[in-house]
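Data file: query-v2.cif. Format and content: mmCIF, C-alpha atoms.
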data_input
#
loop_
_atom_site.group_PDB
_atom_site.id
_atom_site.type_symbol
_atom_site.label_atom_id
_atom_site.label_comp_id
_atom_site.auth_asym_id
_atom_site.auth_seq_id
_atom_site.Cartn_x
_atom_site.Cartn_y
_atom_site.Cartn_z
ATOM 1 C CA MET D 1 0.000 0.000 0.000
ATOM 2 C CA LYS D 2 1.154 3.483 -0.712
ATOM 3 C CA ALA D 3 1.652 5.967 2.088
ATOM 4 C CA ARG D 4 -0.908 8.759 2.327
ATOM 5 C CA ASN D 5 1.248 11.399 0.688
ATOM 6 C CA HIS D 6 -1.560 13.942 0.613
ATOM 7 C CA LEU D 7 -1.745 14.083 4.400
ATOM 8 C CA GLN D 8 0.628 16.913 5.001
ATOM 9 C CA ALA D 9 0.368 19.342 7.875
ATOM 10 C CA GLY D 10 0.641 22.536 5.869
ATOM 11 C CA SER D 11 3.531 24.718 6.885
ATOM 12 C CA HIS D 12 3.931 23.287 10.395
ATOM 13 C CA ASN D 13 7.471 22.182 11.165
ATOM 14 C CA SER D 14 6.700 20.268 14.328
ATOM 15 C CA SER D 15 7.871 16.679 14.414
ATOM 16 C CA PHE D 16 4.219 15.794 15.075
ATOM 17 C CA SER D 17 3.404 16.748 11.481
ATOM 18 C CA ARG D 18 5.413 13.796 10.204
ATOM 19 C CA ILE D 19 3.146 11.296 11.960
ATOM 20 C CA ARG D 20 1.735 8.716 9.565
ATOM 21 C CA LEU D 21 -0.537 5.782 10.087
ATOM 22 C CA PRO D 22 1.425 2.509 10.130
ATOM 23 C CA VAL D 23 0.758 0.573 6.942
ATOM 24 C CA TRP D 24 0.061 -3.033 7.870
ATOM 25 C CA PRO D 25 0.113 -5.670 5.141
ATOM 26 C CA VAL D 26 -3.422 -6.873 4.437
ATOM 27 C CA PRO D 27 -3.158 -10.057 2.375
ATOM 28 C CA CYS D 28 -6.924 -10.592 2.387
ATOM 29 C CA VAL D 29 -9.687 -8.260 3.518
ATOM 30 C CA ASN D 30 -12.605 -10.584 2.755
ATOM 31 C CA LEU D 31 -14.393 -12.272 5.618
ATOM 32 C CA PRO D 32 -13.256 -15.876 6.218
ATOM 33 C CA VAL D 33 -15.334 -18.556 4.542
ATOM 34 C CA ASP D 34 -14.632 -21.100 7.314
ATOM 35 C CA HIS D 35 -18.023 -21.347 8.978
ATOM 36 C CA ASN D 36 -16.469 -23.127 11.980
ATOM 37 C CA ARG D 37 -14.434 -20.026 12.831
ATOM 38 C CA MET D 38 -16.047 -17.166 14.705
ATOM 39 C CA ILE D 39 -15.710 -13.873 12.826
ATOM 40 C CA SER D 40 -16.176 -11.736 15.939
ATOM 41 C CA SER D 41 -12.990 -10.915 17.816
ATOM 42 C CA LEU D 42 -11.226 -8.476 20.106
ATOM 43 C CA TYR D 43 -8.562 -5.948 19.154
ATOM 44 C CA GLU D 44 -5.907 -4.801 21.576
ATOM 45 C CA CYS D 45 -5.302 -1.262 20.407
ATOM 46 C CA GLN D 46 -3.200 1.837 20.666
ATOM 47 C CA VAL D 47 -4.906 5.217 20.279
ATOM 48 C CA MET D 48 -2.758 8.172 19.250
ATOM 49 C CA HIS D 49 -3.971 11.757 18.993
ATOM 50 C CA ALA D 50 -1.764 14.642 17.850
ATOM 51 C CA ARG D 51 -2.770 18.273 17.428
ATOM 52 C CA PHE D 52 -0.582 20.533 15.270
ATOM 53 C CA ALA D 53 -2.281 23.924 15.616
ATOM 54 C CA PRO D 54 -2.750 26.362 17.220
ATOM 55 C CA ARG D 55 -0.786 24.526 19.951
ATOM 56 C CA THR D 56 0.928 21.170 19.677
ATOM 57 C CA HIS D 57 -0.538 18.481 21.878
ATOM 58 C CA ARG D 58 -0.149 14.709 21.800
ATOM 59 C CA PHE D 59 -1.268 11.691 23.788
ATOM 60 C CA LEU D 60 -1.239 7.933 23.405
ATOM 61 C CA TYR D 61 -3.299 5.317 25.244
ATOM 62 C CA ARG D 62 -3.911 1.580 25.109
ATOM 63 C CA ILE D 63 -7.446 0.183 24.988
ATOM 64 C CA PHE D 64 -9.311 -2.802 23.622
ATOM 65 C CA LEU D 65 -12.311 -2.980 21.323
ATOM 66 C CA PHE D 66 -14.813 -5.576 20.227
ATOM 67 C CA ALA D 67 -15.239 -6.442 16.557
ATOM 68 C CA ILE D 68 -18.720 -7.960 16.473
ATOM 69 C CA ASP D 69 -20.221 -9.708 13.491
ATOM 70 C CA LEU D 70 -23.862 -8.715 13.978
ATOM 71 C CA ASP D 71 -24.976 -12.137 12.740
ATOM 72 C CA GLU D 72 -23.148 -13.678 15.720
ATOM 73 C CA LEU D 73 -24.841 -11.734 18.511
ATOM 74 C CA ALA D 74 -26.911 -14.713 19.669
ATOM 75 C CA LEU D 75 -23.816 -16.943 19.605
ATOM 76 C CA LEU D 76 -21.806 -14.466 21.674
ATOM 77 C CA HIS D 77 -24.694 -14.171 24.130
ATOM 78 C CA ARG D 78 -24.630 -17.945 24.650
ATOM 79 C CA GLN D 79 -20.875 -18.497 24.738
ATOM 80 C CA LEU D 80 -19.523 -15.559 26.772
ATOM 81 C CA PRO D 81 -20.448 -15.485 30.474
ATOM 82 C CA LEU D 82 -19.556 -11.779 30.810
ATOM 83 C CA PHE D 83 -21.377 -10.665 27.643
ATOM 84 C CA SER D 84 -25.113 -10.366 27.089
ATOM 85 C CA VAL D 85 -27.350 -9.011 24.351
ATOM 86 C CA GLY D 86 -30.345 -6.952 25.424
ATOM 87 C CA ARG D 87 -29.919 -7.464 29.137
ATOM 88 C CA ALA D 88 -27.633 -6.405 31.979
ATOM 89 C CA ASN D 89 -24.158 -7.909 32.318
ATOM 90 C CA LEU D 90 -20.639 -6.614 32.759
ATOM 91 C CA TYR D 91 -20.578 -6.218 28.952
ATOM 92 C CA SER D 92 -24.062 -5.509 27.634
ATOM 93 C CA PHE D 93 -24.836 -5.018 23.945
ATOM 94 C CA ARG D 94 -28.041 -3.158 23.150
ATOM 95 C CA GLU D 95 -28.921 -2.657 19.515
ATOM 96 C CA SER D 96 -30.699 0.612 20.311
ATOM 97 C CA ASP D 97 -27.356 2.113 21.417
ATOM 98 C CA PHE D 98 -26.077 2.282 17.845
ATOM 99 C CA LEU D 99 -27.049 4.100 14.632
ATOM 100 C CA PRO D 100 -30.144 5.894 15.999
ATOM 101 C CA ILE D 101 -31.768 6.726 12.655
ATOM 102 C CA GLY D 102 -35.355 6.210 13.800
ATOM 103 C CA ASN D 103 -36.081 9.892 13.168
ATOM 104 C CA PRO D 104 -34.943 12.100 10.275
ATOM 105 C CA PRO D 105 -31.572 13.798 10.854
ATOM 106 C CA HIS D 106 -31.500 17.187 12.506
ATOM 107 C CA ASN D 107 -30.865 20.089 10.121
ATOM 108 C CA ARG D 108 -30.659 17.850 7.065
ATOM 109 C CA SER D 109 -28.412 19.244 4.349
ATOM 110 C CA GLN D 110 -29.485 19.198 0.714
ATOM 111 C CA SER D 111 -26.721 16.707 -0.132
ATOM 112 C CA SER D 112 -27.914 14.239 2.507
ATOM 113 C CA SER D 113 -30.077 11.279 1.538
ATOM 114 C CA GLU D 114 -33.557 11.624 2.976
ATOM 115 C CA ASN D 115 -34.251 9.516 6.048
ATOM 116 C CA ARG D 116 -37.891 9.121 6.951
ATOM 117 C CA LYS D 117 -39.052 8.048 10.377
ATOM 118 C CA SER D 118 -38.296 4.368 10.878
ATOM 119 C CA GLU D 119 -39.212 1.820 13.534
ATOM 120 C CA ILE D 120 -36.532 -0.741 12.610
ATOM 121 C CA VAL D 121 -35.316 -2.355 15.854
ATOM 122 C CA ASN D 122 -32.695 -4.743 14.481
ATOM 123 C CA LEU D 123 -29.330 -2.995 14.132
ATOM 124 C CA LYS D 124 -28.201 -4.871 11.046
ATOM 125 C CA SER D 125 -31.504 -4.078 9.346
ATOM 126 C CA ARG D 126 -31.061 -0.391 10.195
ATOM 127 C CA ILE D 127 -27.591 -0.448 8.654
ATOM 128 C CA ALA D 128 -28.938 -2.175 5.541
ATOM 129 C CA ALA D 129 -31.721 0.417 5.282
ATOM 130 C CA TYR D 130 -29.229 3.263 5.688
ATOM 131 C CA LEU D 131 -26.918 1.790 3.046
ATOM 132 C CA ALA D 132 -29.880 1.332 0.708
ATOM 133 C CA THR D 133 -30.452 5.108 0.784
ATOM 134 C CA GLN D 134 -26.847 5.409 -0.425
ATOM 135 C CA GLY D 135 -27.338 2.898 -3.260
ATOM 136 C CA VAL D 136 -25.625 -0.084 -1.570
ATOM 137 C CA ASP D 137 -27.418 -3.438 -1.461
ATOM 138 C CA LEU D 138 -26.483 -5.438 1.644
ATOM 139 C CA THR D 139 -28.802 -8.385 0.946
ATOM 140 C CA ASN D 140 -27.282 -11.552 2.461
ATOM 141 C CA GLY D 141 -24.228 -9.522 3.440
ATOM 142 C CA ARG D 142 -22.572 -9.111 6.813
ATOM 143 C CA VAL D 143 -21.649 -6.239 9.110
ATOM 144 C CA VAL D 144 -18.764 -6.139 11.564
ATOM 145 C CA LEU D 145 -19.038 -3.432 14.225
ATOM 146 C CA VAL D 146 -15.812 -2.238 15.861
ATOM 147 C CA ALA D 147 -16.775 -0.537 19.119
ATOM 148 C CA LEU D 148 -17.409 -1.091 22.804
ATOM 149 C CA PRO D 149 -20.710 -2.266 24.284
ATOM 150 C CA ARG D 150 -21.955 -0.973 27.614
ATOM 151 C CA VAL D 151 -19.454 -1.747 30.354
ATOM 152 C CA ALA D 152 -20.985 -1.988 33.830
ATOM 153 C CA GLY D 153 -23.956 -0.168 32.326
ATOM 154 C CA TYR D 154 -22.024 2.774 30.888
ATOM 155 C CA LEU D 155 -21.625 3.380 27.151
ATOM 156 C CA PHE D 156 -19.416 5.794 25.271
ATOM 157 C CA ASN D 157 -17.781 5.340 21.877
ATOM 158 C CA PRO D 158 -16.131 8.433 20.370
ATOM 159 C CA VAL D 159 -16.356 6.597 17.035
ATOM 160 C CA SER D 160 -18.003 3.299 16.143
ATOM 161 C CA PHE D 161 -16.936 1.684 12.877
ATOM 162 C CA TYR D 162 -19.160 -0.507 10.706
ATOM 163 C CA PHE D 163 -17.482 -2.567 7.994
ATOM 164 C CA CYS D 164 -20.012 -3.918 5.512
ATOM 165 C CA TYR D 165 -19.467 -6.965 3.277
ATOM 166 C CA ASP D 166 -21.499 -8.353 0.387
ATOM 167 C CA ARG D 167 -22.732 -11.933 0.097
ATOM 168 C CA THR D 168 -19.300 -13.097 -1.133
ATOM 169 C CA GLY D 169 -17.515 -11.594 1.880
ATOM 170 C CA ALA D 170 -15.984 -8.707 -0.084
ATOM 171 C CA PRO D 171 -15.997 -5.271 1.603
ATOM 172 C CA VAL D 172 -18.412 -2.837 -0.051
ATOM 173 C CA ALA D 173 -18.838 0.058 2.378
ATOM 174 C CA ALA D 174 -17.986 1.437 5.781
ATOM 175 C CA LEU D 175 -19.653 3.755 8.270
ATOM 176 C CA ALA D 176 -17.958 5.896 10.898
ATOM 177 C CA GLU D 177 -20.512 6.795 13.575
ATOM 178 C CA VAL D 178 -19.091 9.749 15.518
ATOM 179 C CA THR D 179 -20.525 10.535 18.959
ATOM 180 C CA ASN D 180 -19.769 13.661 20.966
ATOM 181 C CA THR D 181 -19.899 14.018 24.746
ATOM 182 C CA PHE D 182 -23.446 15.380 24.429
ATOM 183 C CA LYS D 183 -24.359 11.923 23.035
ATOM 184 C CA GLU D 184 -25.253 13.435 19.667
ATOM 185 C CA VAL D 185 -24.478 11.102 16.772
ATOM 186 C CA LYS D 186 -23.475 11.636 13.158
ATOM 187 C CA PRO D 187 -22.714 8.805 10.694
ATOM 188 C CA TYR D 188 -20.245 9.338 7.861
ATOM 189 C CA PHE D 189 -20.680 7.031 4.873
ATOM 190 C CA LEU D 190 -17.775 5.601 2.878
ATOM 191 C CA GLY D 191 -19.185 3.829 -0.145
ATOM 192 C CA PRO D 192 -17.778 1.585 -2.876
ATOM 193 C CA ASP D 193 -16.458 4.595 -4.786
ATOM 194 C CA THR D 194 -14.211 5.494 -1.824
ATOM 195 C CA GLN D 195 -12.277 2.219 -1.924
ATOM 196 C CA ALA D 196 -8.622 2.562 -2.816
ATOM 197 C CA ALA D 197 -6.830 0.324 -5.301
ATOM 198 C CA ALA D 198 -6.240 -2.145 -2.474
ATOM 199 C CA ARG D 199 -9.686 -3.579 -1.718
ATOM 200 C CA GLY D 200 -10.948 -2.915 1.780
ATOM 201 C CA GLU D 201 -9.359 0.526 2.168
ATOM 202 C CA PHE D 202 -11.942 3.299 2.338
ATOM 203 C CA ARG D 203 -10.818 6.932 2.064
ATOM 204 C CA ILE D 204 -12.797 10.133 1.904
ATOM 205 C CA ARG D 205 -12.547 13.769 2.973
ATOM 206 C CA VAL D 206 -15.863 15.409 3.896
ATOM 207 C CA PRO D 207 -17.045 18.520 5.756
ATOM 208 C CA LYS D 208 -17.434 17.748 9.438
ATOM 209 C CA HIS D 209 -20.486 19.951 10.228
ATOM 210 C CA PHE D 210 -20.609 18.430 13.704
ATOM 211 C CA TYR D 211 -19.600 19.607 17.158
ATOM 212 C CA VAL D 212 -17.077 17.028 18.310
ATOM 213 C CA SER D 213 -14.872 19.118 20.591
ATOM 214 C CA PRO D 214 -14.871 22.688 21.924
ATOM 215 C CA TYR D 215 -11.316 22.898 20.584
ATOM 216 C CA SER D 216 -12.254 22.063 17.007
ATOM 217 C CA ASP D 217 -14.510 24.227 14.850
ATOM 218 C CA VAL D 218 -17.491 22.638 13.115
ATOM 219 C CA ASP D 219 -16.516 23.755 9.616
ATOM 220 C CA VAL D 220 -13.261 21.803 9.246
ATOM 221 C CA ALA D 221 -13.086 18.601 7.167
ATOM 222 C CA PHE D 222 -12.739 15.016 8.344
ATOM 223 C CA ASP D 223 -10.301 12.897 6.321
ATOM 224 C CA PHE D 224 -11.066 9.212 6.899
ATOM 225 C CA ALA D 225 -8.819 6.241 6.104
ATOM 226 C CA LEU D 226 -10.517 3.028 7.238
ATOM 227 C CA ARG D 227 -9.074 -0.397 6.500
ATOM 228 C CA ALA D 228 -11.278 -3.448 6.842
ATOM 229 C CA PRO D 229 -10.060 -5.314 9.923
ATOM 230 C CA GLY D 230 -8.102 -8.541 9.601
ATOM 231 C CA ASP D 231 -5.169 -9.666 11.703
ATOM 232 C CA ARG D 232 -4.517 -5.947 12.207
ATOM 233 C CA LEU D 233 -6.797 -2.976 12.763
ATOM 234 C CA SER D 234 -5.657 0.255 11.106
ATOM 235 C CA ILE D 235 -7.731 3.454 11.127
ATOM 236 C CA GLN D 236 -6.873 7.133 10.758
ATOM 237 C CA ILE D 237 -9.014 10.274 10.986
ATOM 238 C CA ASP D 238 -7.485 13.685 10.312
ATOM 239 C CA ASP D 239 -8.877 17.197 10.630
ATOM 240 C CA TYR D 240 -8.209 19.702 7.845
ATOM 241 C CA ALA D 241 -8.735 23.450 7.876
ATOM 242 C CA GLY D 242 -8.572 24.162 4.171
ATOM 243 C CA SER D 243 -5.418 22.407 2.953
ATOM 244 C CA THR D 244 -3.767 22.383 6.395
ATOM 245 C CA ARG D 245 -3.874 19.296 8.542
ATOM 246 C CA THR D 246 -4.521 20.467 12.099
ATOM 247 C CA LEU D 247 -5.056 17.171 13.919
ATOM 248 C CA THR D 248 -4.580 13.444 13.435
ATOM 249 C CA SER D 249 -6.012 10.476 15.303
ATOM 250 C CA THR D 250 -4.958 6.891 14.709
ATOM 251 C CA LEU D 251 -6.271 3.586 15.988
ATOM 252 C CA THR D 252 -4.098 0.529 15.427
ATOM 253 C CA GLY D 253 -4.410 -2.897 16.963
ATOM 254 C CA THR D 254 -3.840 -6.631 16.869
ATOM 255 C CA ARG D 255 -6.612 -9.198 16.587
ATOM 256 C CA ARG D 256 -7.250 -11.482 19.560
ATOM 257 C CA GLU D 257 -9.663 -14.386 19.716
ATOM 258 C CA LEU D 258 -12.892 -13.525 21.500
ATOM 259 C CA THR D 259 -13.192 -16.100 24.264
ATOM 260 C CA GLY D 260 -14.535 -15.970 27.790
ATOM 261 C CA ALA D 261 -11.043 -16.259 29.229
ATOM 262 C CA ARG D 262 -9.617 -13.518 27.001
ATOM 263 C CA LEU D 263 -12.485 -11.180 27.821
ATOM 264 C CA ALA D 264 -12.006 -11.835 31.555
ATOM 265 C CA TRP D 265 -8.290 -11.019 31.226
ATOM 266 C CA PHE D 266 -8.991 -7.791 29.316
ATOM 267 C CA THR D 267 -11.485 -6.847 32.047
ATOM 268 C CA VAL D 268 -8.618 -6.973 34.546
ATOM 269 C CA LYS D 269 -6.086 -5.378 32.198
ATOM 270 C CA TYR D 270 -8.437 -2.571 31.027
ATOM 271 C CA PRO D 271 -10.961 -2.103 33.867
ATOM 272 C CA LEU D 272 -14.149 -0.125 33.213
ATOM 273 C CA ILE D 273 -12.832 0.851 29.788
ATOM 274 C CA THR D 274 -15.767 3.061 28.696
ATOM 275 C CA LEU D 275 -15.539 5.122 31.891
ATOM 276 C CA ARG D 276 -11.790 5.422 31.353
ATOM 277 C CA VAL D 277 -12.328 6.664 27.795
ATOM 278 C CA ILE D 278 -14.696 9.478 28.827
ATOM 279 C CA ALA D 279 -12.497 10.434 31.799
ATOM 280 C CA LEU D 280 -9.433 10.697 29.565
ATOM 281 C CA ILE D 281 -11.332 12.847 27.057
ATOM 282 C CA HIS D 282 -12.145 15.355 29.789
ATOM 283 C CA TRP D 283 -8.601 15.208 31.153
ATOM 284 C CA GLN D 284 -7.131 16.023 27.741
ATOM 285 C CA ALA D 285 -9.669 18.835 27.315
ATOM 286 C CA LEU D 286 -8.483 20.285 30.610
ATOM 287 C CA ARG D 287 -4.870 20.098 29.440
ATOM 288 C CA LEU D 288 -5.819 22.005 26.270
ATOM 289 C CA TRP D 289 -7.546 24.625 28.391
ATOM 290 C CA PHE D 290 -4.354 25.058 30.437
ATOM 291 C CA LYS D 291 -2.486 25.526 27.152
ATOM 292 C CA ARG D 292 -4.957 28.318 26.287
ATOM 293 C CA VAL D 293 -6.126 26.667 23.097
ATOM 294 C CA PRO D 294 -9.057 28.695 21.695
ATOM 295 C CA TRP D 295 -12.420 27.021 22.180
ATOM 296 C CA PHE D 296 -15.766 27.198 20.417
ATOM 297 C CA ALA D 297 -19.164 27.286 22.142
ATOM 298 C CA LYS D 298 -21.567 24.605 20.930
ATOM 299 C CA GLY D 299 -24.475 26.981 20.442
ATOM 300 C CA ALA D 300 -22.463 29.557 18.519
ATOM 301 C CA ARG D 301 -22.871 27.857 15.121
ATOM 302 C CA ALA D 302 -26.027 25.811 15.445
ATOM 303 C CA ALA D 303 -26.923 26.174 11.757
ATOM 304 C CA ASP D 304 -23.620 24.567 10.732
ATOM 305 C CA GLN D 305 -24.284 21.403 12.774
ATOM 306 C CA ARG D 306 -26.006 19.219 10.188
ATOM 307 C CA ASP D 307 -27.273 15.696 9.569
ATOM 308 C CA LEU D 308 -26.978 14.566 13.179
ATOM 309 C CA TYR D 309 -29.155 12.398 15.384
ATOM 310 C CA ARG D 310 -30.207 12.775 19.022
ATOM 311 C CA PRO D 311 -29.734 16.574 18.926
ATOM 312 C CA ARG D 312 -29.437 18.423 22.206
ATOM 313 C CA ALA D 313 -32.188 20.831 23.180
ATOM 314 C CA SER D 314 -29.570 23.601 23.021
ATOM 315 C CA LEU D 315 -29.680 23.341 19.213
ATOM 316 C CA ALA D 316 -32.407 25.785 18.246
ATOM 317 C CA PRO D 317 -34.927 24.501 15.691
ATOM 318 C CA ILE D 318 -33.481 25.034 12.233
ATOM 319 C CA GLN D 319 -35.726 26.140 9.405
ATOM 320 C CA PRO D 320 -35.311 24.218 6.108
ATOM 321 C CA SER D 321 -33.969 27.349 4.425
ATOM 322 C CA ASP D 322 -31.131 27.515 6.975
ATOM 323 C CA ALA D 323 -29.721 24.187 5.852
ATOM 324 C CA ALA D 324 -29.091 25.225 2.281
#
Could I get this file's structure written as structure tokens?
Amino acid sequence: MKARNHLQAGSHNSSFSRIRLPVWPVPCVNLPVDHNRMISSLYECQVMHARFAPRTHRFLYRIFLFAIDLDELALLHRQLPLFSVGRANLYSFRESDFLPIGNPPHNRSQSSSENRKSEIVNLKSRIAAYLATQGVDLTNGRVVLVALPRVAGYLFNPVSFYFCYDRTGAPVAALAEVTNTFKEVKPYFLGPDTQAAARGEFRIRVPKHFYVSPYSDVDVAFDFALRAPGDRLSIQIDDYAGSTRTLTSTLTGTRRELTGARLAWFTVKYPLITLRVIALIHWQALRLWFKRVPWFAKGARAADQRDLYRPRASLAPIQPSDAA
């Protein structure tokens, strides 16, 4: 695979600007055809976040994530003592926690596909319905969700990744579901036309139009590079202000078998991981405040926050003409 040469950090000379996502060899991105092998797995990961402007700031943490084949939810429920679907457990997966597209998106932009009110309960069916609005047929396909379930009842995923495969096991699309600390959600779609020459690599740069952080304006662009998970997980999301890269976030990891024993060990090694994630987000925000990084109030640009779900009451009702 070629390095992402277009990801330059403008005129910044900091050593942070030379950060690149490690390029792991991906000999095969299709789902395995061995029906005796569970597709779902765990990934032991390293999260790196580097800000280039207006102040440099960097941190690196270790976490773990689930990669759940949504067709295996019932199997995981039966086989893993610490994991349940639809009921309380140390790790609890609730389909309503993800992709909340039951209502039309708030402040829908003209370029967004129309989403009418839907009562679809099944998560995979919601994903298939969402992809259908984008012209992707997921009939008899599969979806692997890379995220965390509720841990001791608490849920927070800064980004949840959906990798979608057709009936032959070939990757056809990906979704990045970004959630802010207000629990607002915005999905970003990476379709077949965003795949690079190497199958299973999805790349796109799109306007953010979402309030993710008080230290990042809503009108920058997200640059996504998502690789379908295999033995390695390799994801990168950059922020661009015009042609200048202002921030990079990478998520890299190694696949581990999803067993009861492995999950118990990760529970000890990474205790209360969702609570740790949200605590670290607020800690890093405090560090940025001490560095006097300029911040943006959420209500200051309500009209520029588009195509999101579960909007906060602080977002004033937007008239259709405002979303043009």
Using all atoms listed in the file, determine which residues lie at most 8 Å from range 161-172 of chain D, disregarding the query and same-chain residues fewer than 4 positions distant; provide the list as a PDB file with C-alpha atoms, in the coordinates of the input.
ATOM      1  CA  VAL D  29      -9.687  -8.260   3.518  1.00  0.00           C
ATOM      2  CA  ASN D  30     -12.605 -10.584   2.755  1.00  0.00           C
ATOM      3  CA  LEU D  31     -14.393 -12.272   5.618  1.00  0.00           C
ATOM      4  CA  PRO D  32     -13.256 -15.876   6.218  1.00  0.00           C
ATOM      5  CA  VAL D  33     -15.334 -18.556   4.542  1.00  0.00           C
ATOM      6  CA  VAL D 136     -25.625  -0.084  -1.570  1.00  0.00           C
ATOM      7  CA  ASP D 137     -27.418  -3.438  -1.461  1.00  0.00           C
ATOM      8  CA  LEU D 138     -26.483  -5.438   1.644  1.00  0.00           C
ATOM      9  CA  THR D 139     -28.802  -8.385   0.946  1.00  0.00           C
ATOM     10  CA  ASN D 140     -27.282 -11.552   2.461  1.00  0.00           C
ATOM     11  CA  GLY D 141     -24.228  -9.522   3.440  1.00  0.00           C
ATOM     12  CA  ARG D 142     -22.572  -9.111   6.813  1.00  0.00           C
ATOM     13  CA  VAL D 143     -21.649  -6.239   9.110  1.00  0.00           C
ATOM     14  CA  VAL D 144     -18.764  -6.139  11.564  1.00  0.00           C
ATOM     15  CA  LEU D 145     -19.038  -3.432  14.225  1.00  0.00           C
ATOM     16  CA  VAL D 146     -15.812  -2.238  15.861  1.00  0.00           C
ATOM     17  CA  ALA D 147     -16.775  -0.537  19.119  1.00  0.00           C
ATOM     18  CA  ALA D 176     -17.958   5.896  10.898  1.00  0.00           C
ATOM     19  CA  GLU D 177     -20.512   6.795  13.575  1.00  0.00           C
ATOM     20  CA  GLY D 191     -19.185   3.829  -0.145  1.00  0.00           C
ATOM     21  CA  PRO D 192     -17.778   1.585  -2.876  1.00  0.00           C
ATOM     22  CA  ARG D 199      -9.686  -3.579  -1.718  1.00  0.00           C
ATOM     23  CA  GLY D 200     -10.948  -2.915   1.780  1.00  0.00           C
ATOM     24  CA  ALA D 228     -11.278  -3.448   6.842  1.00  0.00           C
TER      25      ALA D 228
END
Can you spell out as an MDAnalysis selection string the set of residues that the PyMOL selection byres ((chain D and resi 246) around 6) selects in the structure I just provided?
chainID D and resid 52:53 239:240 245 247
Convert the output of the PyMOL selection byres ((chain D and resi 56-62) around 12) on the shown file into explicit residues, formatted as a ChimeraX atom specification.
/D:9,12-17,19,43-55,63-65,215,246-254,266,269-271,273,276-277,280-281,283-293
Selection in question (the file shown): the PyMOL selection byres ((chain D and resi 121) around 10). Which residues does it include, as a list in words?
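Selected by the PyMOL selection byres ((chain D and resi 121) around 10) here: Glu95, Ser96, Pro100, Gly102, Ser118, Glu119, Ile120, Asn122, Leu123, Lys124, Ser125 and Arg126 of chain D.
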Calculated over only C-alpha atoms, which of the candidates D:Ala152, D:Ala261, D:Leu308, D:Val212 has the smallest distance to Pro81 in chain D?
D:Ala261
Hey, can you check how far CA of Ser160 in chain D sits from CA of Pro187 in chain D?
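About the pair CA of Ser160 in chain D and CA of Pro187 in chain D: they are 9.1 Å apart.
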Surrounding residues of His209 in chain D excluding itself and chain neighbours under 5 positions, 10 Å, only C-alpha atoms, as a ChimeraX atom specification:
/D:109,186,217-222,301-308
Extract, using all atoms listed in the file, all DNA, RNA and protein residues at most 8 Å from Arg310 in chain D, discarding same-chain residues fewer than 5 positions from it, and format them as a PDB file with C-alpha atoms, in the coordinates of the input.
ATOM      1  CA  PRO D 100     -30.144   5.894  15.999  1.00  0.00           C
ATOM      2  CA  HIS D 106     -31.500  17.187  12.506  1.00  0.00           C
ATOM      3  CA  LYS D 183     -24.359  11.923  23.035  1.00  0.00           C
ATOM      4  CA  GLU D 184     -25.253  13.435  19.667  1.00  0.00           C
ATOM      5  CA  VAL D 185     -24.478  11.102  16.772  1.00  0.00           C
TER       6      VAL D 185
END
Here is a test: counting only C-alpha atoms, which residue of D:Asn89, D:Ser243, D:Ser216, D:Ser40 is nearest to Trp295 in chain D?
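With only C-alpha atoms as the atom set, the closest residue is D:Ser216.
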Just give me the gap between CA of Phe98 in chain D and CA of Phe83 in chain D in Å, one decimal is fine.
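Interatomic distance here is 16.9 Å.
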Mind giving me the straight-line distance from CA of Thr274 in chain D to CA of Phe93 in chain D in Å, one decimal?
13.0 Å
Output, as JSON, the centre and edge lengths in Å (one decimal) of the axis-aligned box that contains all listed atoms of range 220-232 of chain D with 3 Å of margin on each side.
{"center_x": -8.9, "center_y": 6.1, "center_z": 9.2, "size_x": 14.7, "size_y": 37.5, "size_z": 12.1}
Between D:Gly230, D:Pro149, D:Pro104, D:Gly86, single out the one closest to Pro311 in chain D, counting all atoms listed in the file.
D:Pro104
Closest of D:Pro207, D:Pro214, D:Gly260, D:Pro105 to His282 in chain D - atom-to-atom distances counting all atoms listed in the file:
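Closest to His282 in chain D of all the choices is D:Pro214.
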